Amino acid sequence: MMKWGLCALLLLSQTALAGLEKYSPLVVADQNPSAPAPTNAIRVTYLGVNGFQFETDDHALLVDPYFTRVGLWAGALNERIASDPNRVAEGLKHVRPNVDALLVTHAHFDHLLDAPEIMRRTHARLIAGPTAVRLVTSFGISGTSCRAVKPGSAQRIGPWIIHVFAGQHDRLFGKVPFTGKPALSKPVKASDWAVGEPLAFVIEASGKRIYIDSGGVPGSLPDARIHNVDLA
Ligand SMILES: [Zn+2]
């Protein structure tokens, strides 16, 4: 989802026009964000772009954490890009020190670029498609810290059950960006972070189910086997 920033601005204006203001009471700030998450719920923290932290009972998962924020033109002009350790360190101040796993929906840089640095700092394992796993291991991350997953599988880590589905990447100017072959060695340019296999996840813990995908396409419904979720 490379257009989240723009979408956020649009959503702010569209919310008032789309009747979504009735849901505003559902958006609440934690009284004490540093307190442990409750055992009977999942606390959700938005980390920017498509990044989220999910917490329950002293456990945490990260989805698509991305703190470097490569400039718009660097991506558009396919320049050389790299994870920024200082920005990652700053971003991780908002994240639990112990993270069970990183879930990455697809291999674009705005989802995966910071994964190697975050894995080194948090010792979290990676759950992602084969392309994302291959790109991350090119940075010296051990393959034993990664699980390459396919749609239809389910992963159990601590209190979490993670169901994997095929996802749909959203379209940018009518098409999915960077659909070419990913880098065979360590990725250098923006396009080396090719999309790979877009995935969607249902994250289950503490009796709650949360759906998150690779952006989605309007009019294309998620997999019918996902059934009911509490949050999407
Ligand atoms: Zn993307």
# chains A, B, ... in the order shown; residues from 1 in each chain; ligands from 1
call {"tool": "closest_atom_pairs", "arguments": {"of": "chain A", "to": "ligand 1", "cutoff": "9 Å", "atoms": "only C-alpha atoms and all ligand atoms", "output": "Markdown table"}}
result
| residue | atom | partner | partner_atom_place_in_ligand_line | distance |
| --- | --- | --- | --- | --- |
| A:Met1 | CA | ligand 1 | 1 (Zn) | 4.1 |
| A:Met2 | CA | ligand 1 | 1 (Zn) | 5.3 |
| A:Lys3 | CA | ligand 1 | 1 (Zn) | 8.6 |
| A:Thr105 | CA | ligand 1 | 1 (Zn) | 8.5 |
| A:His106 | CA | ligand 1 | 1 (Zn) | 6.5 |
| A:Ala107 | CA | ligand 1 | 1 (Zn) | 7.2 |
| A:His108 | CA | ligand 1 | 1 (Zn) | 4.9 |
| A:Phe109 | CA | ligand 1 | 1 (Zn) | 7.6 |
| A:Asp110 | CA | ligand 1 | 1 (Zn) | 6.8 |
| A:His111 | CA | ligand 1 | 1 (Zn) | 7.0 |
| A:His169 | CA | ligand 1 | 1 (Zn) | 6.3 |
| A:Asp170 | CA | ligand 1 | 1 (Zn) | 7.4 |
| A:Arg171 | CA | ligand 1 | 1 (Zn) | 8.9 |
| A:Val176 | CA | ligand 1 | 1 (Zn) | 7.5 |
| A:Pro177 | CA | ligand 1 | 1 (Zn) | 7.0 |
| A:Phe178 | CA | ligand 1 | 1 (Zn) | 8.3 |
| A:Ala194 | CA | ligand 1 | 1 (Zn) | 8.6 |
| A:Val195 | CA | ligand 1 | 1 (Zn) | 6.2 |
| A:Pro198 | CA | ligand 1 | 1 (Zn) | 8.3 |
| A:Ser214 | CA | ligand 1 | 1 (Zn) | 6.8 |
| A:Gly215 | CA | ligand 1 | 1 (Zn) | 7.5 |
call {"tool": "residues_around", "arguments": {"residues": "range 186-193 of chain A", "least_positions_apart": "4", "cutoff": "10 Å", "atoms": "only C-alpha atoms", "output": "VMD selection string"}}
result
chain A and resid 70 74 to 82 106 to 113 131 to 132 134 to 140 177 to 182
call {"tool": "atom_distance", "arguments": {"atom1": "CA of Arg147 in chain A", "atom2": "CA of Gly129 in chain A"}}
result
8.1 Å
call {"tool": "select_by_dssp", "arguments": {"residues": "range 1-229 of chain A", "states": "helix (DSSP H, G or I)", "output": "PyMOL selection string"}}
result
chain A and resi 4-17+20-26+72-76+85-92+109-112+115-122+130-137+143-145+190-192+224-226
call {"tool": "closest_residue", "arguments": {"among": "A:Ala35, A:Ile127, A:Ala101, A:Ile162", "to": "Ala205 in chain A", "atoms": "only C-alpha atoms"}}
result
A:Ile162
call {"tool": "residues_around", "arguments": {"residues": "range 116-126 of chain A", "least_positions_apart": "6", "cutoff": "10 Å", "atoms": "only C-alpha atoms", "output": "ChimeraX atom specification"}}
result
/A:60-63,65-67,83-85,88-89,91-92,95-104,132-133,135-149,157
call {"tool": "write_last_selection", "arguments": {"atoms": "C-alpha atoms", "output": "compact mmCIF listing (two decimals), in the first residue's frame"}}
result
# COMPACT_ATOMS: atom_id res chain seq x y z
CA ALA A 60 3.12 -8.37 20.85
CA LEU A 61 2.98 -8.83 17.09
CA LEU A 62 4.02 -6.31 14.46
CA VAL A 63 2.49 -6.09 11.00
CA PRO A 65 6.42 -2.04 10.57
CA TYR A 66 8.13 0.65 8.47
CA PHE A 67 9.80 3.64 10.08
CA SER A 83 16.75 1.28 6.04
CA ASP A 84 17.65 4.12 8.42
CA PRO A 85 18.79 2.67 11.81
CA VAL A 88 14.02 2.41 13.24
CA ALA A 89 15.35 3.03 16.77
CA GLY A 91 10.02 3.95 15.85
CA LEU A 92 10.75 1.04 18.15
CA VAL A 95 6.78 -0.83 20.37
CA ARG A 96 7.06 -3.49 23.07
CA PRO A 97 10.66 -4.62 23.65
CA ASN A 98 9.67 -8.26 23.22
CA VAL A 99 7.91 -8.99 19.95
CA ASP A 100 6.79 -12.51 19.07
CA ALA A 101 6.81 -12.02 15.30
CA LEU A 102 6.78 -9.64 12.36
CA LEU A 103 4.03 -10.32 9.84
CA VAL A 104 4.65 -8.79 6.43
CA ALA A 132 9.92 -11.39 1.43
CA VAL A 133 11.80 -14.11 3.32
CA LEU A 135 14.98 -10.58 0.55
CA VAL A 136 15.33 -10.44 4.34
CA THR A 137 17.82 -13.32 4.47
CA SER A 138 19.97 -11.48 1.90
CA PHE A 139 20.78 -9.08 4.76
CA GLY A 140 22.31 -11.88 6.82
CA ILE A 141 19.19 -12.74 8.82
CA SER A 142 19.13 -16.49 9.50
CA GLY A 143 16.54 -18.51 7.64
CA THR A 144 15.69 -20.19 10.94
CA SER A 145 14.25 -16.84 12.08
CA CYS A 146 11.84 -16.79 9.13
CA ARG A 147 8.77 -18.76 8.16
CA ALA A 148 7.84 -18.58 4.48
CA VAL A 149 4.09 -19.12 4.50
CA ILE A 157 3.06 -18.38 18.10
call {"tool": "residues_around", "arguments": {"residues": "Phe201 in chain A", "least_positions_apart": "4", "cutoff": "7 Å", "atoms": "only C-alpha atoms", "output": "list in words"}}
result
Ile162, His163, Val164, Phe165, Tyr211, Ile212 and Asp213 of chain A
call {"tool": "atom_distance", "arguments": {"atom1": "CA of Arg43 in chain A", "atom2": "CA of Gly158 in chain A"}}
result
16.0 Å
call {"tool": "select_by_dssp", "arguments": {"residues": "chain A", "states": "strand (DSSP E or B)", "output": "PyMOL selection string"}}
result
chain A and resi 43-48+51-56+59-63+80+101-103+125-128+146-148+154-157+160-166+169+172+175+189+199-205+208-212+215+231
call {"tool": "atom_distance", "arguments": {"atom1": "CA of Pro38 in chain A", "atom2": "CA of Tyr23 in chain A"}}
result
22.6 Å
